[in-house]
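Reproduced below: target23.cif, with mmCIF, C-alpha atoms, pLDDT in the B column; chains and numbers go by the auth columns.
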data_coords
loop_
_atom_site.group_PDB
_atom_site.id
_atom_site.type_symbol
_atom_site.label_atom_id
_atom_site.label_comp_id
_atom_site.label_asym_id
_atom_site.label_seq_id
_atom_site.Cartn_x
_atom_site.Cartn_y
_atom_site.Cartn_z
_atom_site.B_iso_or_equiv
_atom_site.auth_seq_id
_atom_site.auth_asym_id
ATOM 1 C CA LEU A 1 5.159 8.033 4.070 93.00 202 X
ATOM 2 C CA GLN A 2 7.795 10.090 5.816 93.00 203 X
ATOM 3 C CA GLU A 3 5.305 12.882 6.509 95.00 204 X
ATOM 4 C CA MET A 4 2.639 10.444 7.688 94.00 205 X
ATOM 5 C CA LEU A 5 5.116 8.957 10.131 93.00 206 X
ATOM 6 C CA ARG A 6 6.249 12.405 11.291 94.00 207 X
ATOM 7 C CA VAL A 7 2.769 13.717 12.130 96.00 208 X
ATOM 8 C CA CYS A 8 1.554 10.526 13.796 95.00 209 X
ATOM 9 C CA ARG A 9 1.636 10.812 17.575 96.00 210 X
ATOM 10 C CA PRO A 10 3.610 8.266 19.596 95.00 211 X
ATOM 11 C CA GLY A 11 1.322 5.286 20.146 95.00 212 X
ATOM 12 C CA GLY A 12 -0.871 6.372 17.215 96.00 213 X
ATOM 13 C CA TRP A 13 -1.840 4.152 14.312 96.00 214 X
ATOM 14 C CA LEU A 14 -1.430 4.607 10.570 96.00 215 X
ATOM 15 C CA VAL A 15 -3.802 2.669 8.329 96.00 216 X
ATOM 16 C CA GLY A 16 -3.638 2.516 4.560 94.00 217 X
ATOM 17 C CA SER A 17 -4.608 0.589 1.501 94.00 218 X
ATOM 18 C CA VAL A 18 -2.809 0.052 -1.798 91.00 219 X
ATOM 19 C CA PRO A 19 -3.538 -2.122 -4.840 89.00 220 X
ATOM 20 C CA SER A 20 -2.128 -5.646 -4.689 90.00 221 X
ATOM 21 C CA THR A 21 -0.457 -7.518 -7.522 87.00 222 X
ATOM 22 C CA ASN A 22 -3.601 -9.596 -8.073 85.00 223 X
ATOM 23 C CA SER A 23 -3.857 -10.613 -11.740 82.00 224 X
ATOM 24 C CA ILE A 24 -7.381 -9.178 -11.962 79.00 225 X
ATOM 25 C CA TRP A 25 -5.780 -5.705 -12.068 76.00 226 X
ATOM 26 C CA LYS A 26 -4.171 -6.688 -15.378 71.00 227 X
ATOM 27 C CA MET A 27 -7.612 -7.301 -16.868 74.00 228 X
ATOM 28 C CA ARG A 28 -8.985 -3.903 -15.869 68.00 229 X
ATOM 29 C CA GLN A 29 -8.099 -2.276 -19.174 62.00 230 X
ATOM 30 C CA HIS A 30 -10.560 -4.676 -20.785 65.00 231 X
ATOM 31 C CA LEU A 31 -13.187 -4.406 -18.050 66.00 232 X
ATOM 32 C CA SER A 32 -13.396 -0.656 -17.613 63.00 233 X
ATOM 33 C CA MET A 33 -13.994 2.138 -20.070 61.00 234 X
ATOM 34 C CA THR A 34 -13.059 4.841 -17.542 63.00 235 X
ATOM 35 C CA CYS A 35 -9.869 3.391 -16.006 61.00 236 X
ATOM 36 C CA ALA A 36 -7.283 2.580 -18.581 58.00 237 X
ATOM 37 C CA GLY A 37 -4.829 -0.046 -17.358 56.00 238 X
ATOM 38 C CA ASN A 38 -1.814 2.028 -18.335 60.00 239 X
ATOM 39 C CA GLU A 39 -2.454 5.262 -16.442 61.00 240 X
ATOM 40 C CA PRO A 40 0.815 6.607 -15.013 59.00 241 X
ATOM 41 C CA PHE A 41 -0.376 6.919 -11.410 64.00 242 X
ATOM 42 C CA HIS A 42 -1.465 3.320 -10.858 71.00 243 X
ATOM 43 C CA ARG A 43 0.996 1.090 -8.996 81.00 244 X
ATOM 44 C CA ASN A 44 0.501 -2.430 -7.626 86.00 245 X
ATOM 45 C CA PHE A 45 2.396 -3.598 -4.533 91.00 246 X
ATOM 46 C CA THR A 46 3.570 -6.813 -2.926 92.00 247 X
ATOM 47 C CA ARG A 47 3.778 -7.220 0.843 93.00 248 X
ATOM 48 C CA ASN A 48 7.576 -6.971 0.677 94.00 249 X
ATOM 49 C CA GLU A 49 7.420 -3.723 -1.300 94.00 250 X
ATOM 50 C CA ILE A 50 5.129 -2.133 1.293 94.00 251 X
ATOM 51 C CA THR A 51 7.471 -3.226 4.097 94.00 252 X
ATOM 52 C CA ASP A 52 10.531 -1.973 2.225 95.00 253 X
ATOM 53 C CA LEU A 53 8.946 1.451 1.644 94.00 254 X
ATOM 54 C CA TRP A 54 8.254 1.923 5.361 94.00 255 X
ATOM 55 C CA HIS A 55 11.754 0.778 6.305 94.00 256 X
ATOM 56 C CA ARG A 56 13.280 3.253 3.828 95.00 257 X
ATOM 57 C CA VAL A 57 11.568 6.171 5.591 93.00 258 X
ATOM 58 C CA GLY A 58 12.856 5.056 8.967 91.00 259 X
ATOM 59 C CA TYR A 59 10.059 2.962 10.455 93.00 260 X
ATOM 60 C CA ASP A 60 11.541 -0.013 12.277 90.00 261 X
ATOM 61 C CA GLY A 61 8.445 -1.505 13.917 91.00 262 X
ATOM 62 C CA GLN A 62 6.130 -4.250 12.815 92.00 263 X
ATOM 63 C CA ILE A 63 3.911 -3.766 9.769 93.00 264 X
ATOM 64 C CA HIS A 64 0.648 -5.681 9.747 93.00 265 X
ATOM 65 C CA GLY A 65 -0.720 -6.403 6.303 92.00 266 X
ATOM 66 C CA ILE A 66 -3.614 -8.403 4.987 92.00 267 X
ATOM 67 C CA CYS A 67 -4.541 -8.836 1.358 90.00 268 X
ATOM 68 C CA PHE A 68 -8.223 -8.612 0.461 87.00 269 X
ATOM 69 C CA GLY A 69 -7.846 -9.852 -3.091 85.00 270 X
ATOM 70 C CA LEU A 70 -7.348 -6.633 -5.022 87.00 271 X
ATOM 71 C CA ASN A 71 -5.971 -4.476 -2.198 91.00 272 X
ATOM 72 C CA TRP A 72 -3.543 -4.622 0.701 93.00 273 X
ATOM 73 C CA LEU A 73 -4.707 -3.167 3.999 95.00 274 X
ATOM 74 C CA TRP A 74 -1.768 -2.305 6.238 93.00 275 X
ATOM 75 C CA THR A 75 -1.429 -0.859 9.737 95.00 276 X
ATOM 76 C CA ILE A 76 1.527 0.307 11.765 94.00 277 X
ATOM 77 C CA GLN A 77 1.774 1.744 15.256 95.00 278 X
ATOM 78 C CA LYS A 78 4.241 4.476 16.014 92.00 279 X
#

As structure tokens, how would this structure be written, given the file I've shared?
Amino acid sequence: LQEMLRVCRPGGWLVGSVPSTNSIWKMRQHLSMTCAGNEPFHRNFTRNEITDLWHRVGYDGQIHGICFGLNWLWTIQK
């Protein structure tokens, strides 16, 4: 996040998506043969966790987030 913020031009936008804490994610180990539910790289986020991560890297502006069921879509403007 720190590098994304660094390379973004003033006035530019950052847009991202991360998995939400929707309970359907917990069922994925039963629904998918190719995506085990316990892989080490998968992480689910709450809105507060996304906000906290950006604040920790020094962003002090507004973070817009909307949850589309399984994923959070967030945007920030530098």

Please evaluate the PyMOL selection byres ((chain X and resi 204) around 12) against the displayed coordinates and give the resulting residues as a ChimeraX atom specification.
/X:202-203,205-210,215,255,258-260

Determine the nearest neighbour of Lys279 in chain X from the options X:Met228, X:Asn249, X:Pro211, X:Arg244, counting only C-alpha atoms.
X:Pro211

To test the calculation: enclose all listed atoms of range 210-220 of chain X in a box whose edges run along x, y and z, add 4 Å on each side, then state centre and edge lengths in Å to one decimal, as lines of an AutoDock Vina configuration file.
center_x = -0.5
center_y = 4.3
center_z = 7.7
size_x = 16.2
size_y = 20.9
size_z = 33.0

Please report the interatomic distance between CA of Arg257 in chain X and CA of Trp214 in chain X in Å with one decimal.
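Calculated distance between CA of Arg257 in chain X and CA of Trp214 in chain X is 18.4 Å.
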
Could you please determine the separation between CA of Phe269 in chain X and CA of Gly212 in chain X in Å, to one decimal place?
25.9 Å

I'd like to see the residues matched by the PyMOL selection byres ((chain X and resi 218) around 12) on this file, and ideally I'd get them as a list of chain:residue names.
X:Leu215, X:Val216, X:Gly217, X:Val219, X:Pro220, X:Ser221, X:Arg244, X:Asn245, X:Phe246, X:Thr247, X:Arg248, X:Ile251, X:His265, X:Gly266, X:Ile267, X:Cys268, X:Phe269, X:Gly270, X:Leu271, X:Asn272, X:Trp273, X:Leu274, X:Trp275, X:Thr276, X:Ile277

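For the residues X:Asp253, X:Gly262, X:His243, X:Gly213, ranking by smallest atom-to-atom distance to Trp226 in chain X using all atoms listed in the file places X:His243 first.
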